[in-house]
>>> print(open('start_15.txt').read())   # compact mmCIF, C-alpha atoms
# COMPACT_ATOMS: atom_id res chain seq x y z
CA MET A 1 0.83 -28.37 67.99
CA VAL A 2 -1.48 -28.42 64.96
CA VAL A 3 -1.69 -24.64 65.19
CA THR A 4 2.09 -24.30 64.95
CA VAL A 5 2.25 -26.66 61.97
CA ILE A 6 -0.47 -24.80 60.07
CA THR A 7 1.15 -21.46 60.88
CA ILE A 8 4.52 -22.65 59.60
CA ILE A 9 2.95 -24.07 56.42
CA LEU A 10 1.11 -20.81 55.74
CA VAL A 11 4.21 -18.72 56.32
CA ILE A 12 6.15 -20.94 53.91
CA VAL A 13 3.38 -20.63 51.30
CA MET A 14 3.39 -16.85 51.68
CA SER A 15 7.13 -16.49 51.26
CA MET A 16 7.14 -18.91 48.32
CA SER A 17 4.43 -16.98 46.52
CA TYR A 18 6.25 -13.73 47.28
CA LEU A 19 9.53 -15.02 45.87
CA TYR A 20 8.12 -16.81 42.83
CA ASP A 21 5.83 -14.25 41.32
CA TYR A 22 3.60 -14.90 38.33
CA GLU A 23 3.67 -18.67 38.53
CA THR A 24 0.42 -20.58 38.64
CA THR A 25 0.92 -23.98 40.18
CA GLY A 26 -1.05 -27.14 39.39
CA PRO A 27 -3.36 -27.27 42.43
CA GLU A 28 -4.10 -23.56 42.07
CA LYS A 29 -5.29 -24.18 38.53
CA LYS A 30 -7.45 -27.12 39.59
CA ILE A 31 -9.17 -25.17 42.35
CA GLY A 32 -9.64 -22.21 40.07
CA ASN A 33 -11.14 -24.34 37.31
CA ILE A 34 -13.70 -25.91 39.64
CA ILE A 35 -14.81 -22.66 41.25
CA THR A 36 -15.05 -20.64 38.02
CA MET A 37 -17.31 -23.37 36.69
CA PHE A 38 -19.81 -22.43 39.40
CA GLN A 39 -19.27 -18.67 39.29
CA GLU A 40 -19.76 -18.14 35.58
CA PRO A 41 -23.42 -19.16 35.13
CA PHE A 42 -24.21 -17.27 38.31
CA VAL A 43 -22.75 -13.97 37.24
CA LYS A 44 -24.23 -14.30 33.73
CA ALA A 45 -27.72 -14.89 35.13
CA SER A 46 -27.53 -12.09 37.66
CA ASN A 47 -26.08 -9.64 35.14
CA GLY A 48 -28.85 -10.44 32.70
CA LEU A 49 -31.48 -10.04 35.38
CA SER A 50 -30.15 -6.72 36.63
CA ARG A 51 -29.93 -5.37 33.08
CA GLY A 52 -33.51 -6.43 32.40
CA ILE A 53 -34.80 -4.81 35.57
CA SER A 54 -32.86 -1.58 35.20
CA GLY A 55 -34.00 -1.44 31.56
CA ILE A 56 -37.60 -1.19 32.70
CA PHE A 57 -36.92 1.69 35.06
CA THR A 58 -34.62 3.69 32.87
CA PHE A 59 -36.46 3.58 29.55
CA ARG A 60 -37.09 7.35 29.49
CA ARG A 61 -33.42 8.05 29.98
CA ILE A 62 -32.63 5.54 27.27
CA LEU A 63 -34.96 7.33 24.86
CA ILE A 64 -33.18 10.62 25.46
CA GLU A 65 -29.84 8.87 25.14
CA ASN A 66 -31.03 7.33 21.89
CA GLU A 67 -31.70 10.76 20.40
CA ALA A 68 -28.28 11.99 21.45
CA LEU A 69 -26.65 8.89 20.02
CA LYS A 70 -28.41 9.37 16.68
CA GLU A 71 -26.93 12.86 16.42
CA GLU A 72 -23.54 11.48 17.33
CA VAL A 73 -23.84 8.80 14.63
CA ALA A 74 -24.50 11.45 12.03
CA GLY A 75 -21.37 13.29 13.12
CA LEU A 76 -19.31 10.13 13.15
CA LYS A 77 -20.41 9.21 9.64
CA LYS A 78 -18.95 12.46 8.36
CA GLU A 79 -15.79 11.69 10.24
CA ILE A 80 -15.57 8.23 8.67
CA ILE A 81 -15.52 9.75 5.22
CA ASN A 82 -12.67 12.01 6.22
CA THR A 83 -10.81 9.11 7.76
CA LYS A 84 -11.24 7.04 4.62
CA LEU A 85 -9.64 9.81 2.62
CA ASN A 86 -6.78 9.91 5.09
CA ARG A 87 -6.44 6.16 4.93
CA ASN A 88 -5.70 6.24 1.23
CA ASP A 89 -2.77 8.52 1.95
CA PHE A 90 -1.69 6.25 4.77
CA GLU A 91 -1.73 3.16 2.56
CA LEU A 92 0.55 4.88 0.11
CA MET A 93 2.94 5.57 2.99
CA LYS A 94 2.72 1.94 4.10
CA GLN A 95 3.71 0.76 0.64
CA LEU A 96 6.67 3.08 0.83
CA GLU A 97 7.50 1.59 4.23
CA ASP A 98 7.61 -1.90 2.75
CA ALA A 99 9.73 -0.73 -0.13
CA LEU A 100 12.23 0.75 2.32
CA ASN A 101 12.21 -2.41 4.51
CA TYR A 102 11.22 -0.44 7.58
CA ILE A 103 10.15 -2.56 10.56
CA SER A 104 7.12 -1.07 12.20
CA PRO A 105 7.12 -0.91 16.01
CA GLU A 106 3.41 -1.58 15.97
CA ASN A 107 3.05 -5.16 17.04
CA SER A 108 -0.10 -6.73 15.72
CA GLY A 109 -1.08 -8.46 18.95
CA SER A 110 -4.12 -10.68 19.09
CA HIS A 111 -7.22 -9.42 20.87
CA ILE A 112 -9.46 -11.49 23.11
CA THR A 113 -12.67 -10.21 24.67
CA ALA A 114 -13.73 -11.59 28.01
CA ASP A 115 -16.23 -11.04 30.81
CA ALA A 116 -15.32 -10.34 34.39
CA ILE A 117 -16.70 -13.23 36.42
CA ALA A 118 -15.68 -12.71 40.00
CA LYS A 119 -14.50 -9.73 42.01
CA ASP A 120 -12.54 -9.58 45.23
CA GLY A 121 -14.85 -9.98 48.21
CA SER A 122 -12.50 -8.51 50.79
CA ASN A 123 -12.61 -4.93 49.41
CA TRP A 124 -8.87 -4.49 49.59
CA PHE A 125 -7.79 -4.72 46.00
CA ASN A 126 -9.44 -4.21 42.64
CA THR A 127 -8.49 -7.68 41.54
CA PHE A 128 -10.88 -9.75 39.49
CA THR A 129 -11.01 -12.88 37.35
CA ILE A 130 -12.15 -13.19 33.74
CA ASN A 131 -13.54 -16.15 31.82
CA ALA A 132 -10.62 -16.64 29.46
CA GLY A 133 -7.32 -18.36 30.05
CA ASN A 134 -4.77 -20.65 28.49
CA ASN A 135 -7.38 -22.37 26.30
CA GLN A 136 -8.42 -19.05 24.80
CA GLY A 137 -4.82 -18.16 24.09
CA ILE A 138 -4.08 -15.59 26.76
CA ALA A 139 -0.39 -15.08 27.36
CA GLU A 140 1.35 -14.04 30.54
CA ASN A 141 1.63 -10.29 31.15
CA ALA A 142 -0.98 -9.55 28.51
CA VAL A 143 -2.48 -6.08 28.76
CA VAL A 144 -6.12 -5.60 29.78
CA ILE A 145 -8.18 -2.63 28.65
CA ASN A 146 -11.87 -1.72 28.56
CA GLY A 147 -13.92 0.99 26.90
CA ASP A 148 -12.57 3.68 29.24
CA GLY A 149 -8.88 2.91 29.09
CA LEU A 150 -6.12 0.89 30.65
CA VAL A 151 -7.32 -1.55 33.32
CA GLY A 152 -4.25 -3.58 34.20
CA LYS A 153 -2.44 -6.73 33.27
CA ILE A 154 -2.82 -10.49 33.54
CA TYR A 155 -1.24 -11.73 36.73
CA GLU A 156 -1.97 -15.44 36.69
CA ILE A 157 -3.50 -17.76 34.11
CA GLY A 158 -5.63 -20.86 34.59
CA ASP A 159 -7.19 -23.07 31.95
CA ASN A 160 -10.40 -21.10 31.47
CA TRP A 161 -9.80 -18.18 33.80
CA SER A 162 -7.17 -15.62 34.58
CA LYS A 163 -6.52 -13.15 37.35
CA ILE A 164 -6.16 -9.46 36.62
CA VAL A 165 -4.38 -6.90 38.78
CA SER A 166 -5.39 -3.32 38.11
CA ILE A 167 -2.83 -0.56 37.49
CA VAL A 168 -3.69 1.17 40.78
CA ASP A 169 -2.83 -1.96 42.79
CA ASP A 170 0.16 -3.03 40.81
CA SER A 171 3.55 -2.02 42.13
CA ASN A 172 4.95 -2.04 38.59
CA SER A 173 5.06 1.25 36.74
CA VAL A 174 3.43 2.38 33.52
CA SER A 175 5.30 4.72 31.25
CA PHE A 176 3.13 7.47 29.80
CA LYS A 177 3.20 10.45 27.53
CA ILE A 178 1.02 13.51 27.40
CA LEU A 179 -1.51 13.41 24.60
CA ARG A 180 -1.43 17.17 23.98
CA ASP A 181 2.32 17.11 23.41
CA THR A 182 3.65 13.59 23.01
CA LYS A 183 7.30 14.49 23.43
CA TYR A 184 6.96 14.63 27.21
CA ILE A 185 7.18 11.21 28.80
CA GLY A 186 7.08 9.98 32.37
CA ILE A 187 6.26 7.12 34.69
CA VAL A 188 3.27 6.48 36.95
CA SER A 189 2.46 3.72 39.41
CA GLY A 190 -0.28 2.99 41.93
CA ASN A 191 -0.05 5.16 45.05
CA GLY A 192 -1.82 2.78 47.41
CA SER A 193 -4.87 4.99 47.73
CA GLY A 194 -6.85 4.43 44.58
CA GLY A 195 -4.94 6.73 42.27
CA LEU A 196 -1.70 6.97 40.34
CA ASN A 197 1.40 8.98 41.18
CA GLY A 198 4.36 9.55 38.98
CA TYR A 199 6.90 11.95 37.58
CA LEU A 200 7.98 13.37 34.27
CA LEU A 201 11.44 12.64 32.97
CA ASP A 202 11.92 16.24 31.92
CA PRO A 203 11.61 18.60 34.91
CA ASP A 204 10.76 21.49 32.60
CA ALA A 205 8.01 19.58 30.81
CA ASP A 206 4.94 21.60 30.05
CA VAL A 207 2.15 19.72 31.81
CA LEU A 208 -1.09 21.17 33.07
CA VAL A 209 -3.89 20.00 35.30
CA GLY A 210 -6.47 18.28 33.10
CA ASP A 211 -4.01 16.95 30.53
CA GLU A 212 -4.86 13.54 29.20
CA ILE A 213 -2.14 10.94 29.44
CA ILE A 214 -1.71 7.79 27.33
CA THR A 215 0.71 4.87 27.43
CA SER A 216 3.97 5.66 25.66
CA GLY A 217 4.82 2.23 24.27
CA LEU A 218 8.03 2.00 26.30
CA GLY A 219 8.00 -1.00 28.59
CA MET A 220 5.33 -3.65 28.65
CA PHE A 221 2.23 -1.67 27.64
CA PRO A 222 1.55 -0.99 23.95
CA GLU A 223 1.33 2.59 22.76
CA GLY A 224 -1.77 4.74 22.75
CA ILE A 225 -4.02 3.41 25.52
CA SER A 226 -5.57 6.19 27.56
CA ILE A 227 -4.75 6.09 31.27
CA GLY A 228 -6.34 9.13 32.87
CA THR A 229 -6.18 12.86 33.46
CA VAL A 230 -3.62 14.83 35.43
CA LYS A 231 -5.09 15.98 38.72
CA GLU A 232 -2.16 17.77 40.28
CA VAL A 233 1.28 18.93 39.22
CA VAL A 234 4.03 19.64 41.75
CA LYS A 235 7.54 20.74 40.92
CA ASP A 236 9.93 19.31 43.45
CA GLU A 237 12.88 21.72 43.56
CA ASN A 238 15.06 19.42 45.63
CA LYS A 239 14.78 16.38 43.42
CA LEU A 240 14.55 18.37 40.20
CA LEU A 241 11.46 16.42 39.27
CA LYS A 242 7.99 17.32 38.22
CA THR A 243 5.61 14.95 39.98
CA VAL A 244 2.04 14.42 38.86
CA SER A 245 -0.94 12.67 40.38
CA VAL A 246 -3.29 11.11 37.90
CA GLU A 247 -6.90 10.11 38.11
CA PRO A 248 -7.52 6.96 36.05
CA TYR A 249 -10.43 6.89 33.60
CA VAL A 250 -11.48 3.40 34.52
CA TYR A 251 -13.83 2.94 37.46
CA PHE A 252 -12.26 -0.24 38.83
CA LYS A 253 -15.15 -1.20 41.06
CA ASN A 254 -17.48 -1.82 38.18
CA ILE A 255 -15.82 -3.72 35.37
CA ASP A 256 -17.93 -5.86 33.09
CA LYS A 257 -16.31 -6.57 29.76
CA VAL A 258 -12.62 -6.32 29.02
CA LEU A 259 -10.32 -6.67 26.04
CA VAL A 260 -7.08 -8.60 26.47
CA ILE A 261 -4.20 -7.74 24.16
CA ASN A 262 -1.39 -10.24 23.88
CA TYR A 263 1.58 -8.00 23.43
CA MET B 264 -24.14 -29.28 61.44
CA ASN B 265 -21.26 -31.43 60.31
CA TYR B 266 -18.14 -30.70 58.28
CA LEU B 267 -19.91 -31.30 54.96
CA THR B 268 -22.79 -28.93 55.71
CA VAL B 269 -20.41 -26.19 56.81
CA PHE B 270 -18.32 -26.77 53.69
CA ILE B 271 -21.39 -26.27 51.50
CA VAL B 272 -22.29 -23.11 53.41
CA PHE B 273 -18.79 -21.67 52.94
CA PHE B 274 -18.64 -22.71 49.30
CA LEU B 275 -21.99 -21.13 48.43
CA ASN B 276 -20.97 -18.05 50.35
CA PHE B 277 -17.76 -17.71 48.37
CA ILE B 278 -19.59 -18.00 45.05
CA LEU B 279 -22.20 -15.45 46.13
CA GLN B 280 -19.71 -13.06 47.69
CA THR B 281 -17.61 -12.83 44.55
CA THR B 282 -20.52 -12.54 42.13
CA LEU B 283 -23.94 -11.54 43.41
CA PHE B 284 -23.04 -9.47 46.48
CA HIS B 285 -21.36 -6.88 44.28
CA PHE B 286 -24.85 -5.64 43.44
CA PHE B 287 -25.22 -4.59 47.08
CA GLU B 288 -22.18 -2.35 47.24
CA ILE B 289 -22.24 0.69 49.52
CA PHE B 290 -19.54 3.19 48.48
CA GLY B 291 -17.88 0.35 46.62
CA VAL B 292 -17.67 -1.84 49.71
CA ILE B 293 -19.37 -5.20 50.19
CA PRO B 294 -19.62 -7.18 53.43
CA ASN B 295 -16.84 -9.71 53.84
CA THR B 296 -19.20 -12.57 54.57
CA THR B 297 -16.44 -15.19 54.67
CA LEU B 298 -14.90 -13.37 57.63
CA VAL B 299 -18.29 -13.01 59.31
CA LEU B 300 -18.95 -16.73 58.89
CA VAL B 301 -15.54 -17.63 60.31
CA ILE B 302 -16.19 -15.44 63.34
CA ILE B 303 -19.77 -16.52 64.04
CA ILE B 304 -19.21 -20.23 63.40
CA SER B 305 -16.05 -20.41 65.54
CA PHE B 306 -18.00 -18.65 68.26
CA LEU B 307 -21.08 -20.84 68.19
CA TYR B 308 -19.84 -24.37 67.59
CA GLU B 309 -17.66 -26.61 69.69
CA GLU B 310 -15.89 -28.08 66.65
CA TYR B 311 -13.20 -26.27 64.70
CA TYR B 312 -15.43 -25.59 61.65
CA GLY B 313 -14.68 -21.90 61.46
CA VAL B 314 -10.94 -22.29 61.80
CA VAL B 315 -10.64 -25.15 59.29
CA TYR B 316 -12.74 -23.53 56.59
CA GLY B 317 -11.24 -20.14 57.35
CA VAL B 318 -7.86 -21.53 56.26
CA LEU B 319 -9.35 -23.37 53.28
CA PHE B 320 -11.41 -20.52 51.88
CA GLY B 321 -8.74 -18.00 52.80
CA LEU B 322 -6.46 -19.94 50.45
CA VAL B 323 -9.15 -19.99 47.77
CA GLN B 324 -9.59 -16.23 48.13
CA ASP B 325 -5.85 -15.74 47.85
CA ILE B 326 -5.62 -17.93 44.75
CA PHE B 327 -8.31 -15.89 43.08
CA PHE B 328 -7.58 -12.36 44.17
CA GLY B 329 -4.44 -12.15 46.26
CA GLN B 330 -1.06 -11.16 45.00
CA ILE B 331 0.53 -13.16 47.81
CA ILE B 332 -0.96 -16.53 48.61
CA GLY B 333 -1.61 -17.38 52.25
CA VAL B 334 -2.21 -13.94 53.77
CA ALA B 335 -6.00 -14.13 53.99
CA ALA B 336 -5.76 -17.80 55.03
CA PHE B 337 -3.45 -16.87 57.89
CA VAL B 338 -5.58 -13.97 59.05
CA TYR B 339 -8.82 -16.01 58.94
CA PHE B 340 -7.03 -18.81 60.78
CA THR B 341 -5.81 -16.63 63.63
CA ALA B 342 -9.08 -14.69 63.82
CA GLY B 343 -11.01 -17.96 64.09
CA LEU B 344 -8.69 -19.24 66.81
CA ILE B 345 -8.87 -16.05 68.87
CA ILE B 346 -12.68 -16.06 68.77
CA TYR B 347 -12.72 -19.80 69.54
CA GLU B 348 -10.61 -19.26 72.65
CA MET B 349 -12.57 -16.19 73.69
CA LYS B 350 -16.01 -17.74 73.57
CA ARG B 351 -16.06 -19.31 77.02
CA TYR B 352 -15.81 -15.83 78.58
CA ILE B 353 -18.66 -14.33 76.58
CA TYR B 354 -22.35 -14.58 77.23
CA LYS B 355 -24.11 -15.95 74.15
CA ASP B 356 -27.78 -15.06 74.42
CA THR B 357 -27.87 -11.44 73.33
CA LEU B 358 -27.59 -9.80 69.93
CA PHE B 359 -24.84 -7.51 71.23
CA THR B 360 -22.53 -10.50 71.24
CA PRO B 361 -22.29 -11.04 67.46
CA ALA B 362 -21.91 -7.28 66.96
CA ILE B 363 -19.05 -7.07 69.44
CA ILE B 364 -17.15 -10.15 68.28
CA THR B 365 -17.56 -9.06 64.65
CA PHE B 366 -16.25 -5.62 65.58
CA LEU B 367 -13.19 -7.23 67.16
CA GLY B 368 -12.74 -9.75 64.33
CA VAL B 369 -13.03 -7.24 61.49
CA THR B 370 -10.71 -4.79 63.23
CA TYR B 371 -8.16 -7.55 63.73
CA TYR B 372 -8.53 -8.68 60.11
CA HIS B 373 -7.83 -5.26 58.63
CA LEU B 374 -4.93 -4.49 60.95
CA ALA B 375 -3.29 -7.87 60.37
CA TYR B 376 -3.88 -7.71 56.62
CA TRP B 377 -2.34 -4.26 56.47
CA VAL B 378 0.71 -5.39 58.44
CA PHE B 379 1.23 -8.34 56.07
CA MET B 380 0.73 -6.20 53.00
CA SER B 381 3.27 -3.63 54.19
CA PHE B 382 5.64 -6.48 55.02
CA PHE B 383 5.35 -7.79 51.49
CA ASN B 384 6.20 -4.48 49.90
CA THR B 385 2.74 -3.40 48.84
CA ASP B 386 2.48 0.19 50.02
CA PHE B 387 -1.19 0.43 50.84
CA GLY B 388 -2.04 3.70 52.59
CA PHE B 389 -3.11 3.01 56.18
CA PHE B 390 -5.48 5.96 56.55
CA TYR B 391 -6.84 5.43 53.07
CA MET B 392 -7.65 1.85 54.07
CA ILE B 393 -9.33 2.98 57.31
CA LYS B 394 -11.35 5.65 55.53
CA THR B 395 -12.49 3.85 52.41
CA ILE B 396 -12.73 0.22 53.51
CA TYR B 397 -12.72 -0.31 57.25
CA LEU B 398 -15.15 2.37 58.43
CA ILE B 399 -17.82 1.29 55.96
CA GLU B 400 -17.22 -2.42 56.04
CA ILE B 401 -17.38 -2.71 59.82
CA PHE B 402 -20.99 -1.55 60.04
CA TYR B 403 -22.00 -3.63 57.05
CA ASP B 404 -20.31 -6.70 58.52
CA MET B 405 -21.91 -6.18 61.93
CA ALA B 406 -25.37 -6.02 60.37
CA VAL B 407 -24.72 -9.20 58.39
CA ALA B 408 -23.29 -10.88 61.50
CA ILE B 409 -26.40 -10.16 63.56
CA PHE B 410 -28.54 -11.61 60.79
CA ILE B 411 -26.47 -14.80 60.47
CA TYR B 412 -26.26 -15.15 64.25
CA LYS B 413 -30.03 -14.97 64.58
CA LEU B 414 -30.43 -17.54 61.85
CA LEU B 415 -27.94 -19.96 63.37
CA ILE B 416 -28.95 -19.57 66.99
CA SER B 417 -32.58 -20.36 66.25
CA ARG B 418 -31.40 -23.60 64.65
CA PHE B 419 -29.15 -24.15 67.63
CA HIS B 420 -31.96 -23.88 70.16
CA SER B 421 -34.39 -26.13 68.34
CA TYR B 422 -31.59 -28.63 67.78
CA SER B 423 -30.61 -28.89 71.44
CA TYR B 424 -34.26 -28.84 72.51
CA TYR B 425 -35.22 -31.90 70.51
CA ARG B 426 -32.23 -33.88 71.63
>>> encode(input="start_15.txt", output="structure tokens")
Amino acid sequence: MVVTVITIILVIVMSMSYLYDYETTGPEKKIGNIITMFQEPFVKASNGLSRGISGIFTFRRILIENEALKEEVAGLKKEIINTKLNRNDFELMKQLEDALNYISPENSGSHITADAIAKDGSNWFNTFTINAGNNQGIAENAVVINGDGLVGKIYEIGDNWSKIVSIVDDSNSVSFKILRDTKYIGIVSGNGSGGLNGYLLDPDADVLVGDEIITSGLGMFPEGISIGTVKEVVKDENKLLKTVSVEPYVYFKNIDKVLVINY
Amino acid sequence: MNYLTVFIVFFLNFILQTTLFHFFEIFGVIPNTTLVLVIIISFLYEEYYGVVYGVLFGLVQDIFFGQIIGVAAFVYFTAGLIIYEMKRYIYKDTLFTPAIITFLGVTYYHLAYWVFMSFFNTDFGFFYMIKTIYLIEIFYDMAVAIFIYKLLISRFHSYSYYR
């Protein structure tokens, strides 16, 4: 009897949450708030500890890396000077833009940095929670990136936490363009096996294995976030489509710090 | 063991599983200790600890990480019940027992979870799941299960001895 009741309740909960996507209810928020309170100090302490310990064992590698980084800094400094020169030109153009009343598509969204606090324990999805939510000003469907590229988007928001679904698990698509030649655009979405599959809108598009793809700015993701590299290109003669499979840059199993862009 | 003690065990386990256990990943897979606890505790105790907290912490897991709420709760619930009903036919005093029931429980969990996920329109590749999650997790879970079983059964014996 009790078993039947619980089963019916759970089935109702499942269908409700399937039908009403993206809505965080009151009790969900409460439970989330309490548990994140416990998780956060834990993950901070253990992260600090593991960094300290690995620092001891990898100091030789760090020395070598330090040398390489110094060289890179020297190179980057030169680049900065060049960029500054370019920027002066750009500012002139901007002034012209204002004079002509041109509305820029570039939306100056606010950026919030956050730490990943808890990761899915059941291995199925690359879902995780971060330590920022409503109180930090995170909006629904905000875009999440890290140093490597596009991670995913905010799925649910609590007071001090929010849940992130990665692009490889999300059934929604990301529109992309090819960095080498930005006139070719297409759509990718998670293929259910840890990668991305998609197609190009133009069947004759010139795309090669190894091409880097970035978000196109169409749809919900802002322009210019790197997604990954093209791993395979297949021309489907029947559907008149060029399909691509893409390997994302982000290693979803090991995400530490993320940047949330309210777009 | 009473309901409060088991609650604390499950709660601590959830905190550890989502934070600290990720340092012990093997090929990106960690043991699903919540599932192991549900299986072992439903098997060992007369009360419905495993089933009750399976539902509760399944819901918590879904709130945090699931795209559809209630799937993990339902699977933990049924897994706990099946093991609970099965236990009177199984001999308890060998370490094969936790390995075998964990094997059955984890297999059931992944199959049921996959069925639900396909039902709710999430196309998760079946063979990809078997290859990258199930085949690694099952051994990891069995090892953890034997460890927890040993820990609990030693308590069990001393407890019934002194009564």
>>> residues_around(input="start_15.txt", residues="Val143 (chain A)", least_positions_apart="5", cutoff="9 Å", atoms="all atoms listed in the file", output="list in words")
Leu150, Val151, Gly152, Lys153, Ile154, Met220, Phe221, Pro222, Leu259, Val260, Ile261, Asn262 and Tyr263 of chain A
>>> write_last_selection(input="start_15.txt", atoms="C-alpha atoms", output="mmCIF file, in the frame of the given file")
data_model
loop_
_atom_site.group_PDB
_atom_site.id
_atom_site.type_symbol
_atom_site.label_atom_id
_atom_site.label_comp_id
_atom_site.auth_asym_id
_atom_site.auth_seq_id
_atom_site.Cartn_x
_atom_site.Cartn_y
_atom_site.Cartn_z
ATOM 1 C CA LEU A 150 -6.120 0.890 30.650
ATOM 2 C CA VAL A 151 -7.320 -1.550 33.320
ATOM 3 C CA GLY A 152 -4.250 -3.580 34.200
ATOM 4 C CA LYS A 153 -2.440 -6.730 33.270
ATOM 5 C CA ILE A 154 -2.820 -10.490 33.540
ATOM 6 C CA MET A 220 5.330 -3.650 28.650
ATOM 7 C CA PHE A 221 2.230 -1.670 27.640
ATOM 8 C CA PRO A 222 1.550 -0.990 23.950
ATOM 9 C CA LEU A 259 -10.320 -6.670 26.040
ATOM 10 C CA VAL A 260 -7.080 -8.600 26.470
ATOM 11 C CA ILE A 261 -4.200 -7.740 24.160
ATOM 12 C CA ASN A 262 -1.390 -10.240 23.880
ATOM 13 C CA TYR A 263 1.580 -8.000 23.430
#
>>> interface_residues(input="start_15.txt", of="chain A", to="chain B", cutoff="8 Å", atoms="all atoms listed in the file", output="PyMOL selection string")
chain A and resi 7+10-11+13-14+17-18+28+31-32+35+38-39+42-43+46+117-125+127-129+163+171+191-193+253
>>> atom_distance(input="start_15.txt", atom1="CA of Asp211 (chain A)", atom2="CA of Glu79 (chain A)")
24.0 Å
>>> residues_around(input="start_15.txt", residues="Val250 (chain A)", least_positions_apart="3", cutoff="10 Å", atoms="only C-alpha atoms", output="PyMOL selection string")
chain A and resi 145-151+166-167+226-228+247+253-255
>>> residues_around(input="start_15.txt", residues="Phe410 (chain B)", least_positions_apart="3", cutoff="12 Å", atoms="only C-alpha atoms", output="list of chain:residue names")
B:Thr296, B:Val299, B:Leu300, B:Ile303, B:Leu358, B:Phe359, B:Pro361, B:Ala362, B:Thr365, B:Tyr403, B:Asp404, B:Met405, B:Ala406, B:Val407, B:Lys413, B:Leu414, B:Leu415, B:Ile416, B:Ser417
>>> residues_around(input="start_15.txt", residues="Ile214 (chain A)", least_positions_apart="3", cutoff="12 Å", atoms="all atoms listed in the file", output="mmCIF file with C-alpha atoms, in the coordinates of the input")
data_model
loop_
_atom_site.group_PDB
_atom_site.id
_atom_site.type_symbol
_atom_site.label_atom_id
_atom_site.label_comp_id
_atom_site.auth_asym_id
_atom_site.auth_seq_id
_atom_site.Cartn_x
_atom_site.Cartn_y
_atom_site.Cartn_z
ATOM 1 C CA ASP A 148 -12.570 3.680 29.240
ATOM 2 C CA GLY A 149 -8.880 2.910 29.090
ATOM 3 C CA LEU A 150 -6.120 0.890 30.650
ATOM 4 C CA VAL A 174 3.430 2.380 33.520
ATOM 5 C CA SER A 175 5.300 4.720 31.250
ATOM 6 C CA PHE A 176 3.130 7.470 29.800
ATOM 7 C CA LYS A 177 3.200 10.450 27.530
ATOM 8 C CA ILE A 178 1.020 13.510 27.400
ATOM 9 C CA LEU A 179 -1.510 13.410 24.600
ATOM 10 C CA ARG A 180 -1.430 17.170 23.980
ATOM 11 C CA ASP A 181 2.320 17.110 23.410
ATOM 12 C CA THR A 182 3.650 13.590 23.010
ATOM 13 C CA LYS A 183 7.300 14.490 23.430
ATOM 14 C CA TYR A 184 6.960 14.630 27.210
ATOM 15 C CA ILE A 185 7.180 11.210 28.800
ATOM 16 C CA GLY A 186 7.080 9.980 32.370
ATOM 17 C CA ILE A 187 6.260 7.120 34.690
ATOM 18 C CA VAL A 188 3.270 6.480 36.950
ATOM 19 C CA ASP A 211 -4.010 16.950 30.530
ATOM 20 C CA GLY A 217 4.820 2.230 24.270
ATOM 21 C CA LEU A 218 8.030 2.000 26.300
ATOM 22 C CA PHE A 221 2.230 -1.670 27.640
ATOM 23 C CA PRO A 222 1.550 -0.990 23.950
ATOM 24 C CA GLU A 223 1.330 2.590 22.760
ATOM 25 C CA GLY A 224 -1.770 4.740 22.750
ATOM 26 C CA ILE A 225 -4.020 3.410 25.520
ATOM 27 C CA SER A 226 -5.570 6.190 27.560
ATOM 28 C CA ILE A 227 -4.750 6.090 31.270
ATOM 29 C CA GLY A 228 -6.340 9.130 32.870
ATOM 30 C CA THR A 229 -6.180 12.860 33.460
ATOM 31 C CA VAL A 230 -3.620 14.830 35.430
ATOM 32 C CA VAL A 246 -3.290 11.110 37.900
ATOM 33 C CA PRO A 248 -7.520 6.960 36.050
ATOM 34 C CA TYR A 249 -10.430 6.890 33.600
#
>>> axis_aligned_box(input="start_15.txt", around="region 290-299 of chain B", padding_each_side="5 Å", output="lines of an AutoDock Vina configuration file")
center_x = -17.3
center_y = -6.0
center_z = 53.0
size_x = 14.7
size_y = 28.4
size_z = 22.7
>>> closest_residue(input="start_15.txt", among="A:Val3, A:Lys30, A:Asn238, A:Leu196", to="Val314 (chain B)", atoms="all atoms listed in the file")
A:Val3
>>> residues_around(input="start_15.txt", residues="Asn135 (chain A)", least_positions_apart="6", cutoff="9 Å", atoms="only C-alpha atoms", output="ChimeraX atom specification")
/A:158-161
>>> atom_distance(input="start_15.txt", atom1="CA of Ile164 (chain A)", atom2="CA of Asn126 (chain A)")
8.6 Å
>>> atom_distance(input="start_15.txt", atom1="CA of Ser110 (chain A)", atom2="CA of Asn134 (chain A)")
13.7 Å
>>> decode(input="start_15.txt", residues="region 406-410 of chain B", atoms="N, CA and C atoms", output="compact mmCIF listing (two decimals), in the first residue's frame")
# COMPACT_ATOMS: atom_id res chain seq x y z
N ALA B 406 33.85 -3.32 -4.57
CA ALA B 406 34.94 -3.21 -3.59
C ALA B 406 34.47 -2.38 -2.39
N VAL B 407 33.81 -1.26 -2.68
CA VAL B 407 33.31 -0.41 -1.59
C VAL B 407 32.28 -1.16 -0.77
N ALA B 408 31.42 -1.93 -1.45
CA ALA B 408 30.37 -2.67 -0.75
C ALA B 408 30.95 -3.68 0.22
N ILE B 409 31.98 -4.39 -0.20
CA ILE B 409 32.60 -5.38 0.68
C ILE B 409 33.16 -4.70 1.92
N PHE B 410 33.78 -3.55 1.70
CA PHE B 410 34.35 -2.78 2.81
C PHE B 410 33.25 -2.35 3.80
